>>> print(open('structure_3.cif').read())   # mmCIF, C-alpha atoms
data_upload
loop_
_atom_site.group_PDB
_atom_site.id
_atom_site.type_symbol
_atom_site.label_atom_id
_atom_site.label_comp_id
_atom_site.auth_asym_id
_atom_site.auth_seq_id
_atom_site.Cartn_x
_atom_site.Cartn_y
_atom_site.Cartn_z
ATOM 1 C CA MET A 1 -11.785 24.725 57.814
ATOM 2 C CA ASN A 2 -10.348 22.154 55.358
ATOM 3 C CA THR A 3 -6.623 22.270 54.706
ATOM 4 C CA ILE A 4 -4.629 20.864 51.769
ATOM 5 C CA SER A 5 -1.941 18.410 52.781
ATOM 6 C CA PRO A 6 1.638 18.861 51.529
ATOM 7 C CA GLU A 7 1.356 15.528 49.677
ATOM 8 C CA THR A 8 -1.623 16.806 47.667
ATOM 9 C CA VAL A 9 0.234 20.002 46.796
ATOM 10 C CA SER A 10 3.350 18.045 45.713
ATOM 11 C CA THR A 11 1.295 15.866 43.336
ATOM 12 C CA PHE A 12 -0.698 18.794 41.957
ATOM 13 C CA ILE A 13 2.220 21.112 41.118
ATOM 14 C CA PRO A 14 4.066 18.764 38.692
ATOM 15 C CA LYS A 15 0.812 18.099 36.806
ATOM 16 C CA LYS A 16 0.139 21.818 36.554
ATOM 17 C CA ARG A 17 3.690 22.499 35.416
ATOM 18 C CA SER A 18 3.499 19.767 32.759
ATOM 19 C CA ARG A 19 0.281 21.259 31.378
ATOM 20 C CA ILE A 20 1.837 24.714 31.289
ATOM 21 C CA GLY A 21 4.898 23.247 29.572
ATOM 22 C CA ILE A 22 2.715 21.664 26.871
ATOM 23 C CA LEU A 23 0.900 24.961 26.269
ATOM 24 C CA ILE A 24 4.219 26.822 26.017
ATOM 25 C CA ASP A 25 5.523 24.222 23.564
ATOM 26 C CA ILE A 26 2.393 24.560 21.410
ATOM 27 C CA ARG A 27 2.803 28.354 21.319
ATOM 28 C CA LYS A 28 6.488 28.079 20.398
ATOM 29 C CA ASN A 29 5.948 25.455 17.675
ATOM 30 C CA LYS A 30 2.553 26.384 16.299
ATOM 31 C CA LEU A 31 3.459 25.573 12.690
ATOM 32 C CA LEU A 32 4.734 22.117 13.610
ATOM 33 C CA TYR A 33 1.482 21.310 15.404
ATOM 34 C CA VAL A 34 -0.497 22.615 12.431
ATOM 35 C CA MET A 35 1.463 20.229 10.195
ATOM 36 C CA LEU A 36 0.811 17.401 12.669
ATOM 37 C CA PHE A 37 -2.942 18.033 12.765
ATOM 38 C CA PRO A 38 -3.816 16.399 9.370
ATOM 39 C CA VAL A 39 -1.904 13.257 10.387
ATOM 40 C CA LEU A 40 -3.763 13.039 13.696
ATOM 41 C CA LEU A 41 -7.042 13.694 11.902
ATOM 42 C CA TYR A 42 -6.314 10.886 9.447
ATOM 43 C CA TYR A 43 -5.702 8.367 12.219
ATOM 44 C CA VAL A 44 -8.743 9.491 14.196
ATOM 45 C CA ILE A 45 -11.083 9.249 11.199
ATOM 46 C CA PHE A 46 -9.762 6.153 9.442
ATOM 47 C CA HIS A 47 -8.173 4.113 12.260
ATOM 48 C CA TYR A 48 -9.615 4.951 15.673
ATOM 49 C CA GLY A 49 -13.084 6.070 14.555
ATOM 50 C CA PRO A 50 -14.031 2.795 12.836
ATOM 51 C CA MET A 51 -12.912 0.755 15.852
ATOM 52 C CA TYR A 52 -16.360 1.082 17.419
ATOM 53 C CA GLY A 53 -17.640 -1.039 14.522
ATOM 54 C CA ALA A 54 -15.798 -4.025 16.005
ATOM 55 C CA ILE A 55 -18.828 -4.443 18.249
ATOM 56 C CA ILE A 56 -20.631 -6.224 15.399
ATOM 57 C CA ALA A 57 -18.364 -9.201 16.140
ATOM 58 C CA PHE A 58 -20.569 -9.723 19.222
ATOM 59 C CA LYS A 59 -23.862 -9.133 17.410
ATOM 60 C CA ASP A 60 -25.931 -10.784 14.712
ATOM 61 C CA PHE A 61 -25.440 -7.750 12.478
ATOM 62 C CA SER A 62 -28.132 -6.721 10.037
ATOM 63 C CA PRO A 63 -27.616 -3.648 7.808
ATOM 64 C CA ARG A 64 -31.340 -2.920 8.106
ATOM 65 C CA LEU A 65 -31.220 -2.756 11.913
ATOM 66 C CA GLY A 66 -27.812 -1.122 12.186
ATOM 67 C CA ILE A 67 -25.059 -1.787 14.702
ATOM 68 C CA TRP A 68 -26.988 -0.876 17.840
ATOM 69 C CA GLY A 69 -30.272 -2.375 16.665
ATOM 70 C CA SER A 70 -28.828 -5.803 15.853
ATOM 71 C CA GLU A 71 -29.215 -8.668 18.300
ATOM 72 C CA TRP A 72 -26.418 -9.259 20.820
ATOM 73 C CA VAL A 73 -25.045 -12.815 20.539
ATOM 74 C CA GLY A 74 -21.871 -12.543 22.624
ATOM 75 C CA PHE A 75 -19.050 -14.920 21.680
ATOM 76 C CA GLU A 76 -21.153 -17.076 19.368
ATOM 77 C CA HIS A 77 -19.215 -16.117 16.211
ATOM 78 C CA PHE A 78 -15.878 -16.699 17.925
ATOM 79 C CA GLN A 79 -16.999 -20.156 19.006
ATOM 80 C CA SER A 80 -18.177 -20.924 15.469
ATOM 81 C CA PHE A 81 -14.775 -19.971 14.098
ATOM 82 C CA PHE A 82 -12.768 -21.869 16.729
ATOM 83 C CA THR A 83 -14.814 -25.031 16.254
ATOM 84 C CA GLY A 84 -15.204 -24.647 12.482
ATOM 85 C CA PRO A 85 -13.369 -26.702 9.850
ATOM 86 C CA TYR A 86 -11.179 -23.813 8.650
ATOM 87 C CA PHE A 87 -9.762 -22.536 11.938
ATOM 88 C CA TRP A 88 -6.628 -24.665 12.114
ATOM 89 C CA ARG A 89 -6.014 -24.450 8.361
ATOM 90 C CA THR A 90 -6.116 -20.651 8.223
ATOM 91 C CA LEU A 91 -4.193 -20.257 11.484
ATOM 92 C CA LYS A 92 -1.487 -22.685 10.370
ATOM 93 C CA ASN A 93 -1.086 -21.044 6.952
ATOM 94 C CA THR A 94 -0.996 -17.554 8.460
ATOM 95 C CA VAL A 95 1.642 -18.495 11.035
ATOM 96 C CA LEU A 96 3.811 -20.407 8.544
ATOM 97 C CA ILE A 97 3.757 -17.712 5.856
ATOM 98 C CA SER A 98 4.452 -15.016 8.461
ATOM 99 C CA PHE A 99 7.290 -17.057 9.931
ATOM 100 C CA TYR A 100 8.866 -17.620 6.505
ATOM 101 C CA GLN A 101 8.563 -13.917 5.727
ATOM 102 C CA LEU A 102 10.253 -13.080 9.029
ATOM 103 C CA LEU A 103 12.939 -15.729 8.513
ATOM 104 C CA PHE A 104 13.854 -14.816 4.931
ATOM 105 C CA GLY A 105 12.307 -11.409 4.278
ATOM 106 C CA PHE A 106 13.508 -9.549 7.364
ATOM 107 C CA PRO A 107 17.270 -10.280 7.116
ATOM 108 C CA ALA A 108 17.388 -9.734 3.330
ATOM 109 C CA PRO A 109 17.396 -5.878 3.419
ATOM 110 C CA ILE A 110 19.978 -5.947 6.230
ATOM 111 C CA VAL A 111 22.324 -8.138 4.186
ATOM 112 C CA LEU A 112 21.851 -5.986 1.087
ATOM 113 C CA ALA A 113 22.479 -2.791 3.076
ATOM 114 C CA LEU A 114 25.684 -4.251 4.528
ATOM 115 C CA LEU A 115 26.860 -5.273 1.054
ATOM 116 C CA LEU A 116 26.046 -1.871 -0.440
ATOM 117 C CA ASN A 117 27.850 -0.207 2.426
ATOM 118 C CA GLU A 118 31.035 -2.009 1.391
ATOM 119 C CA VAL A 119 30.751 -0.926 -2.250
ATOM 120 C CA ARG A 120 33.094 1.949 -3.076
ATOM 121 C CA HIS A 121 32.098 2.459 -6.729
ATOM 122 C CA ALA A 122 29.357 5.128 -6.485
ATOM 123 C CA LEU A 123 27.803 4.521 -9.923
ATOM 124 C CA PHE A 124 27.523 0.768 -9.377
ATOM 125 C CA LYS A 125 26.055 1.335 -5.914
ATOM 126 C CA ARG A 126 23.378 3.739 -7.204
ATOM 127 C CA THR A 127 22.541 1.377 -10.073
ATOM 128 C CA VAL A 128 22.004 -1.569 -7.723
ATOM 129 C CA GLN A 129 19.894 0.571 -5.390
ATOM 130 C CA THR A 130 17.700 1.806 -8.258
ATOM 131 C CA ILE A 131 17.166 -1.688 -9.670
ATOM 132 C CA THR A 132 16.268 -3.162 -6.279
ATOM 133 C CA TYR A 133 13.945 -0.233 -5.393
ATOM 134 C CA MET A 134 11.902 -0.479 -8.596
ATOM 135 C CA PRO A 135 9.698 -3.520 -7.791
ATOM 136 C CA HIS A 136 8.358 -1.762 -4.674
ATOM 137 C CA PHE A 137 6.724 0.924 -6.815
ATOM 138 C CA ILE A 138 5.027 -1.499 -9.210
ATOM 139 C CA SER A 139 1.320 -2.093 -8.630
ATOM 140 C CA LEU A 140 0.554 -5.295 -6.733
ATOM 141 C CA VAL A 141 -1.815 -6.392 -9.512
ATOM 142 C CA VAL A 142 1.015 -6.046 -12.026
ATOM 143 C CA ILE A 143 3.409 -7.876 -9.694
ATOM 144 C CA CYS A 144 0.990 -10.790 -9.371
ATOM 145 C CA GLY A 145 0.532 -10.830 -13.162
ATOM 146 C CA ILE A 146 4.306 -11.051 -13.585
ATOM 147 C CA ILE A 147 4.502 -13.864 -11.020
ATOM 148 C CA LYS A 148 1.782 -15.819 -12.828
ATOM 149 C CA ASP A 149 3.465 -15.361 -16.215
ATOM 150 C CA PHE A 150 6.843 -16.425 -14.835
ATOM 151 C CA THR A 151 5.539 -19.527 -13.017
ATOM 152 C CA VAL A 152 3.246 -21.082 -15.666
ATOM 153 C CA SER A 153 4.398 -24.291 -17.321
ATOM 154 C CA ASP A 154 5.902 -22.442 -20.299
ATOM 155 C CA GLY A 155 7.180 -19.477 -18.255
ATOM 156 C CA VAL A 156 10.712 -18.245 -17.635
ATOM 157 C CA MET A 157 11.132 -20.137 -14.344
ATOM 158 C CA ASN A 158 10.272 -23.446 -15.999
ATOM 159 C CA ASP A 159 12.577 -22.690 -18.923
ATOM 160 C CA ILE A 160 15.444 -22.298 -16.448
ATOM 161 C CA ILE A 161 14.469 -25.495 -14.626
ATOM 162 C CA VAL A 162 14.306 -27.469 -17.902
ATOM 163 C CA PHE A 163 17.694 -26.038 -18.934
ATOM 164 C CA PHE A 164 19.205 -27.602 -15.802
ATOM 165 C CA GLY A 165 17.461 -30.926 -16.414
ATOM 166 C CA GLY A 166 14.259 -30.479 -14.373
ATOM 167 C CA GLU A 167 10.624 -30.939 -15.338
ATOM 168 C CA ARG A 168 7.993 -28.317 -16.057
ATOM 169 C CA THR A 169 5.291 -27.607 -13.501
ATOM 170 C CA THR A 170 2.697 -24.903 -12.948
ATOM 171 C CA PHE A 171 3.817 -23.617 -9.555
ATOM 172 C CA LEU A 172 0.657 -21.754 -8.564
ATOM 173 C CA LEU A 173 -1.483 -24.836 -9.190
ATOM 174 C CA GLU A 174 0.588 -26.916 -6.784
ATOM 175 C CA PRO A 175 -0.204 -26.351 -3.077
ATOM 176 C CA SER A 176 3.330 -27.346 -2.059
ATOM 177 C CA PHE A 177 4.882 -24.451 -4.032
ATOM 178 C CA PHE A 178 2.527 -21.628 -3.057
ATOM 179 C CA ARG A 179 4.294 -20.489 0.116
ATOM 180 C CA SER A 180 7.699 -20.542 -1.572
ATOM 181 C CA VAL A 181 6.422 -18.432 -4.477
ATOM 182 C CA TYR A 182 4.639 -16.011 -2.148
ATOM 183 C CA VAL A 183 7.588 -15.456 0.203
ATOM 184 C CA SER A 184 10.332 -15.319 -2.437
ATOM 185 C CA SER A 185 8.383 -12.852 -4.578
ATOM 186 C CA GLY A 186 7.835 -10.696 -1.485
ATOM 187 C CA VAL A 187 11.570 -10.655 -0.785
ATOM 188 C CA TRP A 188 12.261 -9.639 -4.401
ATOM 189 C CA GLN A 189 9.634 -6.893 -4.277
ATOM 190 C CA HIS A 190 10.619 -5.259 -0.980
ATOM 191 C CA ILE A 191 14.316 -5.961 -0.424
ATOM 192 C CA GLY A 192 15.465 -2.723 -2.035
ATOM 193 C CA TRP A 193 12.940 -0.537 -0.255
ATOM 194 C CA GLY A 194 13.801 -2.130 3.075
ATOM 195 C CA THR A 195 17.462 -1.182 2.738
ATOM 196 C CA ILE A 196 16.676 2.558 2.886
ATOM 197 C CA ILE A 197 16.259 2.720 6.647
ATOM 198 C CA PHE A 198 19.328 0.534 7.260
ATOM 199 C CA LEU A 199 21.503 2.608 4.921
ATOM 200 C CA ALA A 200 20.279 5.709 6.753
ATOM 201 C CA ALA A 201 21.193 4.112 10.086
ATOM 202 C CA LEU A 202 24.651 3.268 8.746
ATOM 203 C CA THR A 203 25.364 6.949 8.104
ATOM 204 C CA GLY A 204 24.852 7.617 11.830
ATOM 205 C CA ILE A 205 27.677 5.315 12.922
ATOM 206 C CA ASP A 206 30.693 7.246 14.189
ATOM 207 C CA GLN A 207 33.483 6.974 11.606
ATOM 208 C CA GLU A 208 36.081 7.210 14.353
ATOM 209 C CA GLN A 209 35.102 3.702 15.399
ATOM 210 C CA TYR A 210 36.165 2.417 11.973
ATOM 211 C CA GLU A 211 39.439 4.301 12.252
ATOM 212 C CA ALA A 212 40.080 2.790 15.675
ATOM 213 C CA ALA A 213 39.264 -0.674 14.335
ATOM 214 C CA LYS A 214 41.724 -0.194 11.461
ATOM 215 C CA ILE A 215 44.444 0.873 13.874
ATOM 216 C CA ASP A 216 43.795 -2.304 15.863
ATOM 217 C CA GLY A 217 44.312 -4.306 12.656
ATOM 218 C CA ALA A 218 40.675 -5.175 11.934
ATOM 219 C CA GLY A 219 39.872 -6.038 8.321
ATOM 220 C CA ARG A 220 36.640 -5.315 6.485
ATOM 221 C CA TRP A 221 34.902 -8.374 7.940
ATOM 222 C CA LYS A 222 35.935 -7.547 11.511
ATOM 223 C CA GLN A 223 34.850 -3.942 11.043
ATOM 224 C CA MET A 224 31.442 -5.096 9.851
ATOM 225 C CA THR A 225 30.906 -7.580 12.706
ATOM 226 C CA ASN A 226 32.340 -5.380 15.493
ATOM 227 C CA VAL A 227 31.356 -1.879 14.393
ATOM 228 C CA THR A 228 28.672 -1.905 11.699
ATOM 229 C CA LEU A 229 26.354 -4.586 13.093
ATOM 230 C CA PRO A 230 26.419 -3.262 16.696
ATOM 231 C CA GLY A 231 25.672 0.194 15.328
ATOM 232 C CA LEU A 232 22.690 -1.192 13.406
ATOM 233 C CA MET A 233 21.404 -3.323 16.276
ATOM 234 C CA PRO A 234 19.003 -0.748 17.855
ATOM 235 C CA THR A 235 17.368 -0.166 14.457
ATOM 236 C CA ILE A 236 17.186 -3.900 13.776
ATOM 237 C CA ILE A 237 15.559 -4.590 17.151
ATOM 238 C CA ILE A 238 12.923 -1.864 16.753
ATOM 239 C CA LEU A 239 12.006 -3.053 13.252
ATOM 240 C CA LEU A 240 11.959 -6.663 14.428
ATOM 241 C CA ILE A 241 9.492 -5.773 17.190
ATOM 242 C CA LEU A 242 7.245 -4.040 14.657
ATOM 243 C CA GLU A 243 7.552 -6.987 12.284
ATOM 244 C CA ILE A 244 6.576 -9.456 15.000
ATOM 245 C CA GLY A 245 3.590 -7.237 15.830
ATOM 246 C CA ARG A 246 2.450 -7.633 12.210
ATOM 247 C CA MET A 247 3.045 -11.369 11.970
ATOM 248 C CA MET A 248 -0.631 -12.250 11.655
ATOM 249 C CA ASN A 249 -1.277 -9.534 9.067
ATOM 250 C CA VAL A 250 -0.636 -11.509 5.907
ATOM 251 C CA GLY A 251 -2.211 -9.216 3.319
ATOM 252 C CA PHE A 252 -5.223 -10.729 1.589
ATOM 253 C CA GLU A 253 -4.701 -8.723 -1.616
ATOM 254 C CA LYS A 254 -1.720 -10.706 -2.870
ATOM 255 C CA ILE A 255 -3.171 -13.971 -1.570
ATOM 256 C CA ILE A 256 -6.478 -13.640 -3.445
ATOM 257 C CA LEU A 257 -4.650 -12.568 -6.607
ATOM 258 C CA LEU A 258 -2.472 -15.685 -6.567
ATOM 259 C CA TYR A 259 -4.445 -18.479 -4.943
ATOM 260 C CA ASN A 260 -7.235 -20.693 -6.272
ATOM 261 C CA PRO A 261 -9.494 -23.363 -4.716
ATOM 262 C CA GLY A 262 -6.862 -25.980 -5.485
ATOM 263 C CA THR A 263 -4.278 -24.256 -3.284
ATOM 264 C CA TYR A 264 -6.543 -23.293 -0.360
ATOM 265 C CA GLU A 265 -4.867 -26.027 1.662
ATOM 266 C CA THR A 266 -1.608 -24.054 1.924
ATOM 267 C CA ALA A 267 -2.640 -20.578 0.725
ATOM 268 C CA ASP A 268 -5.821 -19.700 2.618
ATOM 269 C CA VAL A 269 -4.929 -17.362 5.507
ATOM 270 C CA ILE A 270 -7.072 -15.549 8.072
ATOM 271 C CA SER A 271 -7.285 -12.319 6.062
ATOM 272 C CA SER A 272 -8.347 -14.090 2.847
ATOM 273 C CA TYR A 273 -10.887 -16.128 4.830
ATOM 274 C CA VAL A 274 -12.292 -12.894 6.298
ATOM 275 C CA TYR A 275 -12.538 -11.474 2.770
ATOM 276 C CA ARG A 276 -14.456 -14.478 1.455
ATOM 277 C CA VAL A 277 -16.825 -14.762 4.399
ATOM 278 C CA GLY A 278 -17.406 -11.035 4.846
ATOM 279 C CA LEU A 279 -17.559 -9.643 1.321
ATOM 280 C CA GLN A 280 -18.537 -12.669 -0.731
ATOM 281 C CA ASP A 281 -20.881 -14.439 1.714
ATOM 282 C CA PHE A 282 -22.057 -11.177 3.408
ATOM 283 C CA ASN A 283 -21.512 -12.676 6.872
ATOM 284 C CA TYR A 284 -20.261 -9.433 8.387
ATOM 285 C CA SER A 285 -20.452 -10.393 12.056
ATOM 286 C CA PHE A 286 -18.553 -13.652 11.638
ATOM 287 C CA SER A 287 -15.816 -12.034 9.547
ATOM 288 C CA SER A 288 -15.501 -9.204 12.099
ATOM 289 C CA ALA A 289 -15.053 -11.766 14.879
ATOM 290 C CA VAL A 290 -12.291 -13.494 12.908
ATOM 291 C CA GLY A 291 -10.605 -10.174 12.144
ATOM 292 C CA LEU A 292 -10.830 -9.084 15.781
ATOM 293 C CA PHE A 293 -9.252 -12.361 16.905
ATOM 294 C CA ASN A 294 -6.420 -11.742 14.438
ATOM 295 C CA SER A 295 -5.877 -8.194 15.738
ATOM 296 C CA VAL A 296 -5.810 -9.337 19.367
ATOM 297 C CA ILE A 297 -3.122 -11.917 18.570
ATOM 298 C CA ASN A 298 -1.059 -9.217 16.837
ATOM 299 C CA PHE A 299 -1.438 -6.948 19.851
ATOM 300 C CA ILE A 300 -0.290 -9.689 22.234
ATOM 301 C CA LEU A 301 2.721 -10.484 20.022
ATOM 302 C CA LEU A 302 3.692 -6.794 19.919
ATOM 303 C CA ILE A 303 3.465 -6.384 23.699
ATOM 304 C CA CYS A 304 5.409 -9.592 24.387
ATOM 305 C CA SER A 305 8.182 -8.867 21.866
ATOM 306 C CA ASN A 306 8.575 -5.316 23.186
ATOM 307 C CA TRP A 307 8.745 -6.592 26.793
ATOM 308 C CA LEU A 308 11.349 -9.228 25.916
ATOM 309 C CA SER A 309 13.441 -6.702 24.010
ATOM 310 C CA ARG A 310 13.338 -4.207 26.881
ATOM 311 C CA LYS A 311 14.225 -6.939 29.376
ATOM 312 C CA PHE A 312 17.230 -8.383 27.536
ATOM 313 C CA ASN A 313 18.517 -5.565 25.291
ATOM 314 C CA ASP A 314 17.313 -2.318 26.886
ATOM 315 C CA THR A 315 15.883 -1.345 23.489
ATOM 316 C CA SER A 316 12.128 -1.075 22.970
ATOM 317 C CA LEU A 317 9.343 0.956 21.417
ATOM 318 C CA TRP A 318 8.254 2.315 24.798
#
>>> encode(input="structure_3.cif", output="structure tokens")
Amino acid sequence: MNTISPETVSTFIPKKRSRIGILIDIRKNKLLYVMLFPVLLYYVIFHYGPMYGAIIAFKDFSPRLGIWGSEWVGFEHFQSFFTGPYFWRTLKNTVLISFYQLLFGFPAPIVLALLLNEVRHALFKRTVQTITYMPHFISLVVICGIIKDFTVSDGVMNDIIVFFGGERTTFLLEPSFFRSVYVSSGVWQHIGWGTIIFLAALTGIDQEQYEAAKIDGAGRWKQMTNVTLPGLMPTIIILLILEIGRMMNVGFEKIILLYNPGTYETADVISSYVYRVGLQDFNYSFSSAVGLFNSVINFILLICSNWLSRKFNDTSLW
């Protein structure tokens, strides 16, 4: 007669209890799980479901034959991309633009939130918040149209430059200016929206800490550096990890609306290259291989940044 060892029983009981606990939680919070269901369904259908299509990166995909009927070619498309003439150009542009966005775009909402937190005039504070939020809600096509109108040779930016003694230039026709225009316009568009989460985090800081700092003789600057910033640090670290995990995701929409063949040298990124090869040249397998490579790099960056954060700051996503 077979007997069950105590070790087997000890490993089985916690699993059984955890399952029972989940079922009890579902029964107690049925409405919350019903509200969660559409969100899960969205991610399953539009994010996880299409992932099986990544297999065409390893096939010579033909719409007539379908995904499973197309010929398997292994890593041929990856090799073509790595040895092709555009690999280093697109990789370099993607990394540089992402780095500049992280360097200038990430701290900007933090600085604005800290400044707004010091403002005591409520009407002025709300006015600044409203003005800085507005660009986020403008269509990207309209934003790019505004950027083009402002940066042409007879645009507002050139009028300002000429007023201070400079010369007129069409910024978006000059490869050396493209990254600066792209990054600075992104900061302008999203700085207000980015402050929302930091202002929300500021409300969670214990006010007694400020009172204690005042008693110790700390001024506004000392309070900000010794109370406000440490209180914001967990939020900053989490958002920084997420931002690093998206470093290679330079959106192609804004790129293709602003660039032209003359600025490909500094403007062509991996996502815009995938767009041209996949949708304009109908080379679906090659573009899928490039996109998959980009996603793998993002995944590695996310894992590494989360591990480093957990190791040195005890703050991480998981």
>>> resolve_selection(input="structure_3.cif", expression="the PyMOL selection byres ((chain A and resi 57-73) around 6)", output="ChimeraX atom specification")
/A:54-56,74-76,285,288-289
>>> residues_around(input="structure_3.cif", residues="stretch 146-151 of chain A", least_positions_apart="2", cutoff="10 Å", atoms="all atoms listed in the file", output="ChimeraX atom specification")
/A:140-144,153-159,168-173,181-182,185,257-258
>>> closest_residue(input="structure_3.cif", among="A:His77, A:Leu292, A:Ile160, A:Pro85", to="A:Met51", atoms="all atoms listed in the file")
A:Leu292
>>> residues_around(input="structure_3.cif", residues="A:Ser287", least_positions_apart="4", cutoff="9 Å", atoms="only C-alpha atoms", output="number ranges by chain")
A: 57, 77, 273-279, 282-283, 291-292
>>> atom_distance(input="structure_3.cif", atom1="atom CA of A:Ile303", atom2="atom CA of A:Leu232")
22.4 Å
>>> closest_residue(input="structure_3.cif", among="A:Gln223, A:Thr94, A:Thr130, A:Thr266", to="A:Ile297", atoms="all atoms listed in the file")
A:Thr94
>>> resolve_selection(input="structure_3.cif", expression="the PyMOL selection byres ((chain A and resi 233) around 12)", output="ChimeraX atom specification")
/A:110,198,201-202,205,225-232,234-240,309,313-316
>>> residues_around(input="structure_3.cif", residues="stretch 246-249 of chain A", least_positions_apart="6", cutoff="7 Å", atoms="only C-alpha atoms", output="list in words")
Thr94, Val95, Ser98, Asn294 and Asn298 of chain A
>>> closest_residue(input="structure_3.cif", among="A:Ile24, A:Leu114, A:Ile191, A:Val269", to="A:Glu253", atoms="all atoms listed in the file")
A:Val269
